[in-house]
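Reviewing the structure listed below.
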Amino acid sequence: MKDQPSRALLLADVQNIYYTTRQAFGRNLDYNRLWSKVTDQKQLVRAFAYAIDRGDKKQREFQNILRAIGFEVKLKPFIQRADGTAKGDWDVGITIDALEYADAVDIVVLVSGDGDFALLAEKLRQKGKRVEIYSVTELTSLSLLNAASDYCPIDDDLLLK
């Protein structure tokens with residue numbers, strides 16, 4: 001009997017990856033290549049891309065590209081505070097989805113370098129799940145790297161040319 005492919009959940013923190021790839025490489029992640037790499041030898045159960053909605057045309061086009069690849073895009077409104085600072089992260093939403101779908105998968109693939117996810121990665125591993133992290137190495141929290149089962153650096157192979 002042939003081994004069944006591992007079942008995977010893909011969670012992409014779009015804002016984190018946008019800013020870290022721009023800072024480190026001056027380029028953007030190629031989500032098609034990411035999809036191909038993540039789904040190689042795995043059965044994808046669900047794939048979510050978490051983004052902030054500023055309502056501009058270019059951003060809507062990008063969100064439609066993500067949908068065409070196969071991501072379910074979750075949007076949160078961009079919040080500009082009175083003091084000029086901005087708020088718009090998906091940490092709690094990503095964590096809730098990871099825990100909600102964990103029982104249906106063997107692997108949780110998190111595309112983010114945010115150290116706030118170290119506790120989530122530890123919890124998922126305690127539940128017997130493999131946790132794969134994709135991120136920009138030099139901009140990834142050491143606590144997240146230590147909590148991961150596997151680490152896949154975002155480098156030239158995963159960036160738009």
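Residues in the structure tokens are numbered from 1 in each chain, the chains being A, B, ... in the order shown, and ligands are numbered from 1 in the order shown.
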Practice task
Give me the residues within 10 Å of stretch 98-112 of chain A as a PyMOL selection string, counting only C-alpha atoms and dropping any in the same chain fewer than 5 places off.
Solution key: chain A and resi 5-18+20+34+38+42-49+92-93+117+120-121+123-125+127-136+139-141+144+148-154
Using DSSP on the backbone, list every residue of chain A that comes out as alpha helix (DSSP H), and give them as a compact mmCIF listing (two decimals) with N, CA and C atoms, in the first residue's frame.
# COMPACT_ATOMS: atom_id res chain seq x y z
N VAL A 14 0.55 37.72 5.22
CA VAL A 14 0.91 38.52 4.05
C VAL A 14 1.69 39.78 4.43
N GLN A 15 1.25 40.51 5.44
CA GLN A 15 1.93 41.76 5.79
C GLN A 15 3.36 41.48 6.26
N ASN A 16 3.54 40.49 7.12
CA ASN A 16 4.88 40.18 7.62
C ASN A 16 5.81 39.83 6.47
N ILE A 17 5.35 39.00 5.57
CA ILE A 17 6.20 38.56 4.46
C ILE A 17 6.44 39.69 3.47
N TYR A 18 5.46 40.52 3.24
CA TYR A 18 5.66 41.65 2.33
C TYR A 18 6.78 42.55 2.85
N TYR A 19 6.67 42.94 4.11
CA TYR A 19 7.66 43.89 4.65
C TYR A 19 9.04 43.27 4.83
N THR A 20 9.11 42.00 5.22
CA THR A 20 10.43 41.40 5.43
C THR A 20 11.14 41.11 4.11
N THR A 21 10.41 40.65 3.09
CA THR A 21 11.06 40.41 1.80
C THR A 21 11.48 41.72 1.15
N ARG A 22 10.68 42.77 1.32
CA ARG A 22 11.04 44.09 0.77
C ARG A 22 12.28 44.63 1.49
N GLN A 23 12.33 44.47 2.81
CA GLN A 23 13.47 44.98 3.58
C GLN A 23 14.75 44.21 3.25
N ALA A 24 14.67 42.90 3.19
CA ALA A 24 15.87 42.07 3.00
C ALA A 24 16.33 42.01 1.55
N PHE A 25 15.38 41.99 0.60
CA PHE A 25 15.73 41.73 -0.79
C PHE A 25 15.27 42.81 -1.77
N TYR A 31 4.18 33.86 -4.65
CA TYR A 31 3.23 32.96 -3.99
C TYR A 31 2.97 31.70 -4.82
N ASN A 32 3.11 31.76 -6.14
CA ASN A 32 2.98 30.55 -6.96
C ASN A 32 4.09 29.56 -6.63
N ARG A 33 5.31 30.05 -6.52
CA ARG A 33 6.44 29.17 -6.18
C ARG A 33 6.28 28.62 -4.76
N LEU A 34 5.85 29.48 -3.85
CA LEU A 34 5.61 29.03 -2.48
C LEU A 34 4.59 27.89 -2.49
N TRP A 35 3.49 28.08 -3.19
CA TRP A 35 2.43 27.07 -3.28
C TRP A 35 2.99 25.76 -3.80
N SER A 36 3.78 25.83 -4.87
CA SER A 36 4.37 24.62 -5.46
C SER A 36 5.27 23.90 -4.46
N LYS A 37 6.08 24.67 -3.76
CA LYS A 37 7.02 24.07 -2.81
C LYS A 37 6.27 23.44 -1.63
N VAL A 38 5.29 24.15 -1.11
CA VAL A 38 4.55 23.66 0.06
C VAL A 38 3.74 22.42 -0.30
N THR A 39 3.15 22.40 -1.49
CA THR A 39 2.26 21.29 -1.84
C THR A 39 3.00 20.09 -2.43
N LYS A 57 -6.89 49.56 -5.58
CA LYS A 57 -7.04 48.66 -6.72
C LYS A 57 -5.91 47.64 -6.81
N LYS A 58 -4.68 48.09 -6.65
CA LYS A 58 -3.52 47.19 -6.77
C LYS A 58 -3.59 46.08 -5.73
N GLN A 59 -4.02 46.43 -4.54
CA GLN A 59 -4.14 45.43 -3.48
C GLN A 59 -5.25 44.42 -3.79
N ARG A 60 -6.37 44.89 -4.31
CA ARG A 60 -7.46 43.98 -4.70
C ARG A 60 -7.00 43.03 -5.80
N GLU A 61 -6.21 43.53 -6.75
CA GLU A 61 -5.68 42.66 -7.81
C GLU A 61 -4.78 41.57 -7.21
N PHE A 62 -3.92 41.95 -6.27
CA PHE A 62 -3.05 40.99 -5.60
C PHE A 62 -3.88 39.94 -4.85
N GLN A 63 -4.92 40.38 -4.16
CA GLN A 63 -5.78 39.44 -3.43
C GLN A 63 -6.46 38.47 -4.40
N ASN A 64 -6.84 38.94 -5.56
CA ASN A 64 -7.44 38.06 -6.57
C ASN A 64 -6.43 37.05 -7.10
N ILE A 65 -5.17 37.45 -7.22
CA ILE A 65 -4.11 36.52 -7.62
C ILE A 65 -3.98 35.42 -6.57
N LEU A 66 -3.98 35.80 -5.30
CA LEU A 66 -3.90 34.80 -4.22
C LEU A 66 -5.06 33.83 -4.30
N ARG A 67 -6.26 34.34 -4.55
CA ARG A 67 -7.44 33.47 -4.68
C ARG A 67 -7.29 32.52 -5.86
N ALA A 68 -6.77 33.03 -6.98
CA ALA A 68 -6.59 32.19 -8.17
C ALA A 68 -5.58 31.07 -7.91
N ILE A 69 -4.58 31.33 -7.09
CA ILE A 69 -3.60 30.30 -6.74
C ILE A 69 -4.27 29.20 -5.92
N ASP A 91 -2.42 38.20 14.07
CA ASP A 91 -1.85 37.18 14.96
C ASP A 91 -2.92 36.31 15.62
N VAL A 92 -3.95 36.92 16.16
CA VAL A 92 -4.98 36.14 16.85
C VAL A 92 -5.77 35.30 15.85
N GLY A 93 -6.12 35.86 14.70
CA GLY A 93 -6.86 35.12 13.69
C GLY A 93 -6.09 33.92 13.15
N ILE A 94 -4.80 34.11 12.92
CA ILE A 94 -3.96 33.01 12.44
C ILE A 94 -3.89 31.92 13.50
N THR A 95 -3.72 32.32 14.74
CA THR A 95 -3.64 31.37 15.84
C THR A 95 -4.93 30.57 15.98
N ILE A 96 -6.06 31.24 15.91
CA ILE A 96 -7.35 30.55 16.02
C ILE A 96 -7.52 29.54 14.89
N ASP A 97 -7.21 29.96 13.65
CA ASP A 97 -7.35 29.03 12.52
C ASP A 97 -6.39 27.84 12.65
N ALA A 98 -5.17 28.09 13.09
CA ALA A 98 -4.20 27.00 13.26
C ALA A 98 -4.72 25.97 14.25
N LEU A 99 -5.24 26.44 15.37
CA LEU A 99 -5.75 25.53 16.39
C LEU A 99 -7.04 24.85 15.94
N GLU A 100 -7.88 25.58 15.21
CA GLU A 100 -9.15 25.02 14.74
C GLU A 100 -8.94 23.88 13.74
N TYR A 101 -7.97 24.02 12.85
CA TYR A 101 -7.76 23.02 11.80
C TYR A 101 -6.67 22.01 12.13
N ALA A 118 5.72 31.82 18.19
CA ALA A 118 6.53 30.77 18.82
C ALA A 118 5.68 29.92 19.77
N LEU A 119 4.85 30.55 20.56
CA LEU A 119 3.98 29.80 21.48
C LEU A 119 3.01 28.91 20.71
N LEU A 120 2.48 29.40 19.61
CA LEU A 120 1.59 28.60 18.77
C LEU A 120 2.33 27.39 18.23
N ALA A 121 3.53 27.60 17.71
CA ALA A 121 4.31 26.49 17.16
C ALA A 121 4.59 25.45 18.24
N GLU A 122 4.94 25.90 19.43
CA GLU A 122 5.18 24.96 20.54
C GLU A 122 3.93 24.16 20.86
N LYS A 123 2.79 24.83 20.93
CA LYS A 123 1.52 24.17 21.24
C LYS A 123 1.17 23.13 20.17
N LEU A 124 1.34 23.51 18.91
CA LEU A 124 1.04 22.58 17.82
C LEU A 124 1.95 21.35 17.87
N ARG A 125 3.20 21.56 18.18
CA ARG A 125 4.13 20.43 18.29
C ARG A 125 3.76 19.53 19.47
N GLN A 126 3.27 20.13 20.56
CA GLN A 126 2.79 19.32 21.70
C GLN A 126 1.62 18.46 21.29
N LEU A 142 14.21 34.39 16.71
CA LEU A 142 14.93 33.19 17.12
C LEU A 142 14.00 32.24 17.88
N SER A 143 13.08 32.79 18.68
CA SER A 143 12.15 31.93 19.42
C SER A 143 11.26 31.14 18.46
N LEU A 144 10.87 31.74 17.33
CA LEU A 144 10.06 31.03 16.35
C LEU A 144 10.89 29.95 15.65
N LEU A 145 12.11 30.28 15.30
CA LEU A 145 12.99 29.27 14.68
C LEU A 145 13.18 28.08 15.61
N ASN A 146 13.37 28.34 16.88
CA ASN A 146 13.57 27.26 17.86
C ASN A 146 12.32 26.43 18.08
N ALA A 147 11.15 27.02 17.89
CA ALA A 147 9.89 26.32 18.13
C ALA A 147 9.46 25.49 16.92
Exercise for the section: Provide the atom CA of A:Gly26 to atom CA of A:Asp155 distance in Å, to one decimal place. Expected result: 11.7 Å
Practice task
May I ask which of the residues A:Asp116, A:Asn28, A:Asp157, A:Lys76 is the closest one to A:Arg54, counting only C-alpha atoms?
Solution key: A:Lys76
Exercise for the section: Taking the DSSP assignment computed from this structure's backbone, write out as an MDAnalysis selection string all residues of chain A that belong to strand (DSSP E or B). Expected result: chainID A and resid 6:13 29 42:53 72:77 79:80 86:87 107:111 130:135 150:153 159
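For the atom pair formed by atom CA of A:Glu138 and atom CA of A:Gly70, the distance is 28.5 Å, given to one decimal.
Atom CA of A:Ile79 sits 11.9 Å away from atom CA of A:Gly55.
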